[in-house]
>>> print(open('target_13.cif').read())   # mmCIF, C-alpha atoms
data_structure
#
loop_
_atom_site.label_atom_id
_atom_site.label_comp_id
_atom_site.auth_asym_id
_atom_site.auth_seq_id
_atom_site.Cartn_x
_atom_site.Cartn_y
_atom_site.Cartn_z
CA PHE A 2 79.85 126.23 13.54
CA VAL A 3 77.99 128.06 16.30
CA VAL A 4 80.05 131.17 15.58
CA TYR A 5 79.24 130.78 11.87
CA ARG A 6 75.55 130.74 12.73
CA GLY A 7 75.89 133.69 15.14
CA LEU A 8 75.09 131.54 18.17
CA ASN A 9 76.98 132.35 21.34
CA PRO A 10 75.97 129.74 23.89
CA SER A 11 76.09 130.91 27.48
CA SER A 12 76.11 127.28 28.66
CA CYS A 13 75.94 123.72 27.33
CA ARG A 14 75.21 120.41 29.00
CA ALA A 15 75.07 116.77 27.97
CA GLY A 16 71.63 115.87 26.63
CA ASP A 17 69.37 113.56 28.60
CA VAL A 18 67.50 110.60 27.08
CA GLY A 19 65.35 111.89 24.22
CA GLU A 20 67.43 115.06 23.83
CA PRO A 21 70.25 115.92 21.41
CA ASP A 22 73.81 115.06 22.48
CA ARG A 23 74.33 118.62 23.75
CA VAL A 24 71.70 121.13 24.88
CA CYS A 25 72.86 124.76 24.91
CA SER A 26 71.44 128.04 26.13
CA ALA A 27 71.81 131.01 23.81
CA ALA A 28 72.53 134.49 25.17
CA ASP A 29 68.83 135.37 24.81
CA GLY A 30 67.84 132.38 26.98
CA SER A 31 66.53 130.21 24.15
CA LEU A 32 67.66 126.58 23.93
CA PHE A 33 69.19 124.77 20.97
CA GLY A 34 70.65 121.31 20.56
CA VAL A 35 73.68 119.81 18.88
CA GLU A 36 73.52 116.21 17.68
CA LEU A 37 76.78 114.46 16.66
CA ALA A 38 77.13 111.64 14.12
CA SER A 39 80.49 110.11 13.24
CA GLY A 40 81.52 108.55 9.94
CA TRP A 41 84.23 106.05 9.06
CA TYR A 42 85.78 104.48 5.98
CA SER A 43 84.45 101.05 7.02
CA PRO A 44 83.36 99.31 10.24
CA GLN A 45 86.81 97.68 10.54
CA ASP A 46 88.49 101.03 10.09
CA ALA A 47 86.33 102.54 12.81
CA SER A 48 88.08 100.29 15.30
CA ASN A 49 91.56 100.90 13.84
CA LEU A 50 91.43 104.64 13.13
CA ARG A 51 91.70 105.88 16.69
CA LYS A 52 94.97 103.98 17.13
CA ILE A 53 96.34 105.35 13.85
CA VAL A 54 95.45 108.94 14.73
CA THR A 55 96.74 108.56 18.28
CA ASP A 56 100.05 107.13 17.04
CA LEU A 57 100.36 109.93 14.48
CA ALA A 58 99.69 112.63 17.07
CA ARG A 59 101.81 111.10 19.82
CA GLU A 60 104.72 109.59 17.90
CA GLY A 61 104.54 111.09 14.42
CA THR A 62 104.26 107.62 12.83
CA ARG A 63 102.32 107.13 9.60
CA GLN A 64 101.05 104.16 7.66
CA THR A 65 102.49 103.31 4.26
CA ILE A 66 100.44 104.36 1.24
CA MET A 67 100.55 101.98 -1.72
CA SER A 68 98.93 101.65 -5.12
CA SER A 69 95.90 99.37 -5.22
CA SER A 70 95.40 99.28 -9.00
CA GLY A 71 93.93 96.01 -10.20
CA MET A 72 93.16 94.75 -6.70
CA THR A 73 89.71 94.20 -5.25
CA ASP A 74 88.92 95.57 -1.78
CA GLU A 75 89.15 92.01 -0.41
CA ASP A 76 92.72 91.68 -1.77
CA LEU A 77 94.00 94.83 -0.08
CA PRO A 78 96.20 94.45 3.00
CA GLN A 79 94.63 95.43 6.30
CA GLY A 80 94.70 99.20 6.76
CA VAL A 81 94.79 100.03 3.02
CA ILE A 82 91.71 101.99 1.96
CA ARG A 83 90.63 102.50 -1.65
CA ASN A 84 88.67 105.73 -2.37
CA PRO A 85 88.67 106.90 1.25
CA ASP A 86 86.78 110.15 0.61
CA GLU A 87 83.96 108.30 -1.17
CA LYS A 88 83.72 105.71 1.61
CA LEU A 89 83.67 108.37 4.31
CA ALA A 90 81.01 110.37 2.41
CA ALA A 91 78.86 107.22 2.09
CA SER A 92 79.24 106.51 5.81
CA LEU A 93 78.33 110.09 6.71
CA GLN A 94 75.35 110.02 4.32
CA ALA A 95 74.06 106.87 6.06
CA ALA A 96 74.52 108.57 9.45
CA LEU A 97 72.70 111.66 8.14
CA GLU A 98 69.75 109.63 6.91
CA SER A 99 69.57 107.69 10.18
CA HIS A 100 69.72 110.83 12.32
CA CYS A 101 67.06 112.58 10.21
CA ARG A 102 64.55 110.08 11.62
CA LYS A 103 65.06 111.58 15.09
CA ARG A 104 62.99 114.47 16.41
CA TYR A 105 63.78 116.76 19.33
CA GLY A 106 61.82 119.37 21.28
CA VAL A 107 64.40 122.12 20.67
CA PRO A 108 65.87 123.50 17.41
CA THR A 109 68.86 121.24 16.75
CA TYR A 110 71.97 121.30 14.58
CA LEU A 111 73.54 118.10 13.26
CA VAL A 112 77.33 117.77 13.03
CA LEU A 113 78.60 115.00 10.74
CA ASP A 114 82.01 114.30 12.24
CA GLY A 115 84.56 112.94 9.79
CA SER A 116 87.47 114.45 11.68
CA TRP A 117 88.77 111.09 12.95
CA ALA A 118 89.33 109.85 9.40
CA PRO A 119 93.07 110.54 9.02
CA ILE A 120 93.32 110.44 5.23
CA THR A 121 90.47 112.91 4.62
CA THR A 122 91.15 116.52 5.61
CA ALA A 123 89.45 119.89 5.26
CA ASN A 124 91.15 120.17 1.84
CA ASP A 125 88.80 117.38 0.71
CA ALA A 126 85.65 119.26 1.84
CA PRO A 127 84.40 120.20 -1.67
CA LYS A 128 84.42 116.55 -2.75
CA MET A 129 82.87 115.41 0.54
CA LEU A 130 80.12 118.06 0.42
CA ALA A 131 79.30 117.08 -3.18
CA GLY A 132 78.60 113.55 -1.94
CA LEU A 133 76.21 114.56 0.86
CA ARG A 134 72.49 115.13 0.30
CA LEU A 135 69.99 116.32 2.89
CA PRO A 136 67.00 113.97 3.07
CA SER A 137 63.56 115.51 2.87
CA PRO A 138 62.29 116.23 5.39
CA CYS A 139 65.30 117.04 7.52
CA PRO A 140 64.44 118.08 11.10
CA TYR A 141 67.66 120.03 11.72
CA VAL A 142 67.99 123.81 11.48
CA GLY A 143 71.48 123.27 10.05
CA VAL A 144 73.73 120.36 9.10
CA PHE A 145 77.52 120.72 9.22
CA LEU A 146 80.42 118.56 8.09
CA CYS A 147 83.39 118.55 10.49
CA LEU A 148 86.83 117.66 9.12
CA ALA A 149 90.32 118.07 10.50
CA ARG A 150 92.43 120.79 8.88
CA ASP A 151 95.34 118.63 9.94
CA TYR A 152 96.10 117.05 13.28
CA ALA A 153 97.99 120.07 14.57
CA GLN A 154 95.48 122.79 13.64
CA GLY A 155 92.12 121.42 14.77
CA ARG A 156 88.74 121.02 13.13
CA VAL A 157 86.89 122.98 10.45
CA PHE A 158 83.11 123.09 9.90
CA PHE A 159 81.37 123.30 6.52
CA GLU A 160 77.63 123.75 6.06
CA VAL A 161 75.97 120.99 4.05
CA ALA A 162 74.02 122.66 1.23
CA GLY A 163 70.30 122.38 0.88
CA ASP A 164 67.26 123.54 2.76
CA PRO A 165 67.14 121.37 5.89
CA THR A 166 63.52 122.33 6.56
CA ALA A 167 62.21 121.36 3.09
#
>>> encode(input="target_13.cif", output="structure tokens")
Amino acid sequence: FVVYRGLNPSSCRAGDVGEPDRVCSAADGSLFGVELASGWYSPQDASNLRKIVTDLAREGTRQTIMSSSGMTDEDLPQGVIRNPDEKLAASLQAALESHCRKRYGVPTYLVLDGSWAPITTANDAPKMLAGLRLPSPCPYVGVFLCLARDYAQGRVFFEVAGDPTA
């Protein structure tokens, strides 16, 4: 996303307490921050997803996908997720609203990271972006959604629409 915004950081470091997750120096010497917020399908999935993605990347194993018609979420077997894109968008929206209460001393970008959610890919970005709304006011100079293109081709960034300074 920094290339998209025309930013070419000459250096970046981990943020200290009270700073964004990363503090970067632009080529002109100015500082900007990058704050990261992750989203998940559910709290239980947050603990299971890393294993699923790691197994997929390392061993090529996948979970079975089944129909869940007529079943409530409580009736679904562990690991089965109904409406994953909607659940991930809701999780990222909650993270966005929570992070918009933070303030930093440098212009900061927020990255909503959904790239660890293995069912949702960059192909789902239009639906995901439609479910995200910037709160007003939003202290970030830009908010981006990060999704995996697939697990062999890396991550893709999409700007969340709206005026973040409104």
>>> axis_aligned_box(input="target_13.cif", around="stretch 126-143 of chain A", padding_each_side="4 Å", output="AutoDock Vina command-line options")
--center_x 74.0 --center_y 118.7 --center_z 4.3 --size_x 31.4 --size_y 18.3 --size_z 22.9
>>> closest_residue(input="target_13.cif", among="A:Tyr141, A:Phe158, A:Trp117, A:Tyr42", to="A:Leu97", atoms="all atoms listed in the file")
A:Tyr141
>>> residues_around(input="target_13.cif", residues="A:Thr122", least_positions_apart="6", cutoff="12 Å", atoms="only C-alpha atoms", output="PDB file with C-alpha atoms, in the coordinates of the input")
ATOM      1  CA  PRO A  85      88.670 106.900   1.250  1.00  0.00           C
ATOM      2  CA  ASP A  86      86.780 110.150   0.610  1.00  0.00           C
ATOM      3  CA  LEU A  89      83.670 108.370   4.310  1.00  0.00           C
ATOM      4  CA  ASP A 114      82.010 114.300  12.240  1.00  0.00           C
ATOM      5  CA  GLY A 115      84.560 112.940   9.790  1.00  0.00           C
ATOM      6  CA  SER A 116      87.470 114.450  11.680  1.00  0.00           C
ATOM      7  CA  LYS A 128      84.420 116.550  -2.750  1.00  0.00           C
ATOM      8  CA  MET A 129      82.870 115.410   0.540  1.00  0.00           C
ATOM      9  CA  LEU A 146      80.420 118.560   8.090  1.00  0.00           C
ATOM     10  CA  CYS A 147      83.390 118.550  10.490  1.00  0.00           C
ATOM     11  CA  LEU A 148      86.830 117.660   9.120  1.00  0.00           C
ATOM     12  CA  ALA A 149      90.320 118.070  10.500  1.00  0.00           C
ATOM     13  CA  ARG A 150      92.430 120.790   8.880  1.00  0.00           C
ATOM     14  CA  ASP A 151      95.340 118.630   9.940  1.00  0.00           C
ATOM     15  CA  TYR A 152      96.100 117.050  13.280  1.00  0.00           C
ATOM     16  CA  ALA A 153      97.990 120.070  14.570  1.00  0.00           C
ATOM     17  CA  GLN A 154      95.480 122.790  13.640  1.00  0.00           C
ATOM     18  CA  GLY A 155      92.120 121.420  14.770  1.00  0.00           C
ATOM     19  CA  ARG A 156      88.740 121.020  13.130  1.00  0.00           C
ATOM     20  CA  VAL A 157      86.890 122.980  10.450  1.00  0.00           C
ATOM     21  CA  PHE A 158      83.110 123.090   9.900  1.00  0.00           C
ATOM     22  CA  PHE A 159      81.370 123.300   6.520  1.00  0.00           C
TER      23      PHE A 159
END
>>> closest_residue(input="target_13.cif", among="A:Ile120, A:Leu133, A:Val35, A:Ala91", to="A:Val161", atoms="all atoms listed in the file")
A:Leu133
>>> atom_distance(input="target_13.cif", atom1="atom CA of A:Ala126", atom2="atom CA of A:Glu36")
20.2 Å
>>> closest_residue(input="target_13.cif", among="A:Ala131, A:Leu8, A:Ala27, A:Val142", to="A:Tyr105", atoms="only C-alpha atoms")
A:Val142
>>> atom_distance(input="target_13.cif", atom1="atom CA of A:Gly34", atom2="atom CA of A:Pro108")
6.1 Å
>>> resolve_selection(input="target_13.cif", expression="the PyMOL selection byres ((chain A and resi 100) around 12)", output="JSON, numbers by chain")
{"A": [21, 22, 35, 36, 37, 38, 39, 93, 94, 95, 96, 97, 98, 99, 101, 102, 103, 104, 105, 109, 110, 111, 112, 113, 135, 136, 138, 139, 140, 141, 144]}
